[in-house]
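Here the structure is laid out as structure tokens; the discussion comes afterwards.
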Amino acid sequence: MKKIGIKAKIASNYLSKLNEKKRNAVLKQFCFYLKVNKTQILKANKKDLKSSKKNKNSMIDRLRLDEKKINGIIKSVEQIIKFKDPLGKVLESWKRPNGLDIKKISIPIGVIAVIYESRPNVTSDVSSLCFKSGNAVILRGGSEAFYSNQILANLFRKALKEKGCNENCVQFIKSKNRNNVDYLLSKMQTYIDVIIPRGGKSLVKKVKSKSKVPTIGHLEGVCHVYVDKKANINMAIKVVKNAKMRNFTICGAAETLLIDKMCMKTHCEPILNELYKMGCKIIGDEKIKKIFSKKIKIAKVKDWSTEYLASTISVKSVNGVQGAINHINKYGTLHTDSIITNDINTAKKFLLNVNSSIVAHNASTQFADGGEFGFGAEVGISTEKLHPRGPVGLDQLTSYKYLLKGKGQIRK
């Protein structure tokens with residue numbers, strides 16, 4: 001592990017001098033290798049599927065690769081190639097009264113370690129994003145996708161070698177030993193600048209609690225949709241259905257529905273009926289139970305802070321937009337929250353006062369995704385208060401420094 005860290009540090013210094021043309025050439029070569037090695041990738045994936053038969057169907061689905069998914073991986077890398085170079089950009093510039101010119105420019109973070117589960121596409125996405133943004137990356141994928149991850153990482157390293165670059169810009173931890181993860185978190189702060197966990201709650205919780213290296217990520221996605229008294233009912237139904245039921249296993253899925261008490265009689269029944277018809281379990285407060293005709297479970301306090309990741313939603317009546325803001329800021333996880341209303345001033349109040357990293361007006365919470373933001377691939381979603389926040393794409397994997405240019409000025 002220490003050797004991996006030393007190699008990553010050397011690769012990071014090498015990468016800081018690599019121009020965009022060279023970085024894009026490596027990514028194009030990687031795309032070529034992905035295209036001509038589809039059979040080998042699928043063969044490796046079958047080995048993973050064979051040894052993961054006992055796992056849940058949802059994990060198998062995330063793990064399984066086919067030609068369509070590989071084409072999606074290639075498309076993602078091609079999109080990253082097209083993005084402008086995130087490095088060396090002048091973010092701000094100004095001149096001081098003493099004639100000193102100051103510029104703030106974007107630079108790589110350095111060495112990034114990513115610990116992730118299940119999805120093999122993460123190997124490709126993360127490697128490409130980190131490399132394009134000038135960062136060396138250490139990959140530690142889940143054991144269930146070991147062979148799939150390994151071949152994708154090897155193909156990237158092959159592309160690096162083909163283009164005469166340091167192969168250690170991308171390193172894959174080949175051991176399945178979990179002690180390596182503990183070592184990564186507790187003993188590698190000399191070599192790693194940031195660790196990004198991407199996976200289930202238990203993985204993220206472990207990383208955040210044990211890491212001596214700064215982390216980027218989110219623990220839970222307790223996302224809310226607030227339906228205001230001035231919400232268009234048809235829009236509210238459409239957005240709530242999508243926010244909850246499009247894919248209830250992702251972190252951007254709505255877990256709590258808040259309804260303004262002033263529109264309970266007009267909005268509650270129609271919205272909940274649509275969810276109920278789709279097989280969604282409703283857990284509501286006493287006011288919801290009185291209005292909704294179907295049999296529902298009464299909500300407990302813990303339901304307001306529960307990430308179900310299932311076809312279940314908690315529903316609460318609130319006292320207007322301020323009641324919704326208070327509830328979200330108390331029980332939310334700084335992920336993604338949405339308001340449905342035709343009142344611009346109410347929407348503005350919600351957007352400015354909800355503390356989450358992503359706040360939406362008349363749109364589904366399921367837009368919490370790097371691809372949907374136009375970032376191409378993403379490393380994950382960050383709910384940290386410090387940089388970065390929201391989807392972590394290419395630009396979010398950079399830091400900055402200040403350049404001062406003078407003519408012999410000295411400080412008095």
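Numbering starts fresh at 1 for the residues of each chain in the structure tokens, the chains themselves are lettered A, B, ... in the order given, and ligands are numbered from 1 as they appear.
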Residues of region 127-300 of chain A in alpha helix (DSSP H) according to DSSP, as a compact mmCIF listing (two decimals) with C-alpha atoms, in the first residue's frame?
```txt
# COMPACT_ATOMS: atom_id res chain seq x y z
CA SER A 127 -10.20 7.18 -13.85
CA SER A 128 -11.19 9.43 -16.76
CA LEU A 129 -12.40 12.32 -14.60
CA CYS A 130 -9.35 12.25 -12.34
CA PHE A 131 -6.90 11.98 -15.25
CA LYS A 132 -8.54 14.78 -17.27
CA PHE A 146 -13.07 -7.40 -8.84
CA TYR A 147 -12.40 -8.87 -12.31
CA SER A 148 -14.52 -6.26 -14.14
CA ASN A 149 -12.79 -3.41 -12.33
CA GLN A 150 -9.36 -4.90 -12.87
CA ILE A 151 -9.67 -5.24 -16.64
CA LEU A 152 -11.02 -1.69 -17.00
CA ALA A 153 -8.18 -0.29 -14.88
CA ASN A 154 -5.64 -2.37 -16.84
CA LEU A 155 -6.98 -1.04 -20.14
CA PHE A 156 -6.57 2.53 -18.88
CA ARG A 157 -3.00 1.78 -17.76
CA LYS A 158 -2.35 0.21 -21.17
CA ALA A 159 -3.56 3.44 -22.81
CA LEU A 160 -1.21 5.45 -20.58
CA LYS A 161 1.73 3.25 -21.55
CA GLU A 162 0.85 3.38 -25.25
CA ASN A 179 -7.31 -4.53 5.83
CA ASN A 180 -6.08 -2.56 2.83
CA VAL A 181 -9.07 -0.24 3.15
CA ASP A 182 -8.29 0.37 6.84
CA TYR A 183 -4.67 1.09 5.94
CA LEU A 184 -5.78 3.44 3.15
CA LEU A 185 -7.94 5.40 5.61
CA SER A 186 -5.55 5.55 8.54
CA LYS A 187 -1.96 5.36 7.26
CA LYS A 201 -24.45 3.78 3.85
CA SER A 202 -22.21 1.35 5.76
CA LEU A 203 -19.25 1.99 3.42
CA VAL A 204 -19.62 5.77 3.54
CA LYS A 205 -20.09 5.75 7.32
CA LYS A 206 -16.92 3.69 7.76
CA VAL A 207 -14.87 5.96 5.51
CA LYS A 208 -16.08 9.15 7.15
CA SER A 209 -15.53 7.85 10.69
CA LYS A 210 -12.11 6.21 10.16
CA ILE A 233 -51.93 19.84 -9.04
CA ASN A 234 -51.01 18.09 -12.30
CA MET A 235 -47.41 19.27 -12.06
CA ALA A 236 -47.27 18.22 -8.40
CA ILE A 237 -48.49 14.69 -9.23
CA LYS A 238 -46.02 14.34 -12.12
CA VAL A 239 -43.00 15.61 -10.15
CA VAL A 240 -43.75 13.68 -6.93
CA LYS A 241 -44.24 10.42 -8.87
CA ASN A 242 -40.93 10.87 -10.63
CA ALA A 243 -39.05 12.02 -7.53
CA LYS A 244 -40.13 8.92 -5.60
CA MET A 245 -40.81 6.14 -8.08
CA GLU A 269 -55.66 12.66 -2.03
CA PRO A 270 -54.85 12.98 -5.77
CA ILE A 271 -51.05 12.85 -5.21
CA LEU A 272 -51.11 9.97 -2.72
CA ASN A 273 -53.60 7.98 -4.84
CA GLU A 274 -51.14 8.05 -7.75
CA LEU A 275 -48.29 6.85 -5.53
CA TYR A 276 -50.53 4.19 -3.98
CA LYS A 277 -51.51 2.87 -7.42
CA GLU A 286 -52.35 12.10 11.83
CA LYS A 287 -53.59 14.86 9.50
CA ILE A 288 -52.67 12.83 6.42
CA LYS A 289 -54.44 9.77 7.81
CA LYS A 290 -57.67 11.76 8.28
CA ILE A 291 -57.71 12.95 4.67
```
field: 12 Å contact set for Ile73 (chain A), only C-alpha atoms, chain neighbours under 4 positions out, as number ranges by chain
entry: A: 30-35, 38, 41, 65-69, 77-80, 119-128, 152, 376-377
Write a file of the selected residues as an mmCIF file, in the first residue's frame, keeping N, CA and C atoms.
```
data_model
loop_
_atom_site.group_PDB
_atom_site.id
_atom_site.type_symbol
_atom_site.label_atom_id
_atom_site.label_comp_id
_atom_site.auth_asym_id
_atom_site.auth_seq_id
_atom_site.Cartn_x
_atom_site.Cartn_y
_atom_site.Cartn_z
ATOM 1 N N PHE A 30 -7.855 5.026 -24.582
ATOM 2 C CA PHE A 30 -8.651 4.219 -23.659
ATOM 3 C C PHE A 30 -9.981 3.824 -24.299
ATOM 4 N N CYS A 31 -10.629 4.769 -24.963
ATOM 5 C CA CYS A 31 -11.890 4.479 -25.676
ATOM 6 C C CYS A 31 -11.675 3.380 -26.724
ATOM 7 N N PHE A 32 -10.569 3.493 -27.449
ATOM 8 C CA PHE A 32 -10.256 2.486 -28.471
ATOM 9 C C PHE A 32 -10.109 1.104 -27.844
ATOM 10 N N TYR A 33 -9.387 1.024 -26.743
ATOM 11 C CA TYR A 33 -9.196 -0.267 -26.062
ATOM 12 C C TYR A 33 -10.508 -0.824 -25.516
ATOM 13 N N LEU A 34 -11.390 0.057 -25.073
ATOM 14 C CA LEU A 34 -12.709 -0.394 -24.594
ATOM 15 C C LEU A 34 -13.515 -1.019 -25.748
ATOM 16 N N LYS A 35 -13.400 -0.397 -26.915
ATOM 17 C CA LYS A 35 -14.153 -0.876 -28.084
ATOM 18 C C LYS A 35 -13.650 -2.231 -28.584
ATOM 19 N N LYS A 38 -14.230 -5.577 -25.893
ATOM 20 C CA LYS A 38 -15.561 -5.820 -25.306
ATOM 21 C C LYS A 38 -15.729 -7.278 -24.872
ATOM 22 N N ILE A 41 -13.878 -7.879 -21.651
ATOM 23 C CA ILE A 41 -14.546 -7.190 -20.534
ATOM 24 C C ILE A 41 -15.759 -7.994 -20.065
ATOM 25 N N LEU A 65 -22.629 -6.247 -16.744
ATOM 26 C CA LEU A 65 -22.294 -5.478 -17.940
ATOM 27 C C LEU A 65 -22.828 -6.203 -19.170
ATOM 28 N N ASP A 66 -23.224 -5.438 -20.172
ATOM 29 C CA ASP A 66 -23.570 -5.982 -21.490
ATOM 30 C C ASP A 66 -23.038 -4.982 -22.519
ATOM 31 N N GLU A 67 -23.248 -5.270 -23.785
ATOM 32 C CA GLU A 67 -22.700 -4.394 -24.822
ATOM 33 C C GLU A 67 -23.245 -2.972 -24.715
ATOM 34 N N LYS A 68 -24.529 -2.847 -24.355
ATOM 35 C CA LYS A 68 -25.153 -1.522 -24.215
ATOM 36 C C LYS A 68 -24.474 -0.716 -23.103
ATOM 37 N N LYS A 69 -24.202 -1.382 -21.976
ATOM 38 C CA LYS A 69 -23.557 -0.692 -20.853
ATOM 39 C C LYS A 69 -22.117 -0.311 -21.180
ATOM 40 N N VAL A 77 -16.739 8.467 -21.530
ATOM 41 C CA VAL A 77 -15.341 8.902 -21.692
ATOM 42 C C VAL A 77 -15.229 9.899 -22.855
ATOM 43 N N GLU A 78 -15.940 9.629 -23.940
ATOM 44 C CA GLU A 78 -15.918 10.527 -25.107
ATOM 45 C C GLU A 78 -16.442 11.914 -24.744
ATOM 46 N N GLN A 79 -17.415 11.930 -23.860
ATOM 47 C CA GLN A 79 -17.973 13.209 -23.405
ATOM 48 C C GLN A 79 -16.954 13.981 -22.559
ATOM 49 N N ILE A 80 -16.232 13.268 -21.723
ATOM 50 C CA ILE A 80 -15.199 13.893 -20.883
ATOM 51 C C ILE A 80 -14.097 14.503 -21.755
ATOM 52 N N ARG A 119 -20.735 -1.127 -9.091
ATOM 53 C CA ARG A 119 -20.791 -0.706 -10.491
ATOM 54 C C ARG A 119 -19.400 -0.594 -11.134
ATOM 55 N N PRO A 120 -19.106 -1.443 -12.128
ATOM 56 C CA PRO A 120 -17.794 -1.385 -12.800
ATOM 57 C C PRO A 120 -17.574 -0.090 -13.573
ATOM 58 N N ASN A 121 -18.654 0.553 -14.014
ATOM 59 C CA ASN A 121 -18.492 1.796 -14.777
ATOM 60 C C ASN A 121 -17.797 2.884 -13.956
ATOM 61 N N VAL A 122 -17.858 2.754 -12.612
ATOM 62 C CA VAL A 122 -17.198 3.735 -11.748
ATOM 63 C C VAL A 122 -15.692 3.743 -12.010
ATOM 64 N N THR A 123 -15.135 2.581 -12.273
ATOM 65 C CA THR A 123 -13.694 2.470 -12.554
ATOM 66 C C THR A 123 -13.316 3.349 -13.736
ATOM 67 N N SER A 124 -14.097 3.254 -14.791
ATOM 68 C CA SER A 124 -13.823 4.037 -15.999
ATOM 69 C C SER A 124 -14.111 5.520 -15.780
ATOM 70 N N ASP A 125 -15.272 5.826 -15.207
ATOM 71 C CA ASP A 125 -15.675 7.224 -14.998
ATOM 72 C C ASP A 125 -14.671 7.963 -14.113
ATOM 73 N N VAL A 126 -14.329 7.347 -12.978
ATOM 74 C CA VAL A 126 -13.432 7.984 -12.015
ATOM 75 C C VAL A 126 -12.029 8.146 -12.593
ATOM 76 N N SER A 127 -11.535 7.102 -13.248
ATOM 77 C CA SER A 127 -10.195 7.184 -13.854
ATOM 78 C C SER A 127 -10.131 8.317 -14.871
ATOM 79 N N SER A 128 -11.155 8.413 -15.707
ATOM 80 C CA SER A 128 -11.188 9.430 -16.764
ATOM 81 C C SER A 128 -11.318 10.838 -16.190
ATOM 82 N N LEU A 152 -10.812 -3.080 -16.580
ATOM 83 C CA LEU A 152 -11.020 -1.687 -17.001
ATOM 84 C C LEU A 152 -9.831 -0.818 -16.575
ATOM 85 N N GLY A 376 -21.186 15.451 -17.486
ATOM 86 C CA GLY A 376 -20.731 14.162 -18.005
ATOM 87 C C GLY A 376 -20.821 13.148 -16.886
ATOM 88 N N ALA A 377 -19.757 12.406 -16.672
ATOM 89 C CA ALA A 377 -19.727 11.454 -15.565
ATOM 90 C C ALA A 377 -19.547 12.208 -14.251
#
```
**Prompt:** Residues at most 10 Å from Lys53 (chain A), counting only C-alpha atoms, excluding those fewer than 6 positions away in the same chain, as a VMD selection string?
**Reply:** chain A and resid 59 to 60 144
In terms of only C-alpha atoms, the residue from A:Asn326, A:Ser133, A:Gln189, A:Thr215 at minimal distance from Leu397 (chain A) is A:Ser133
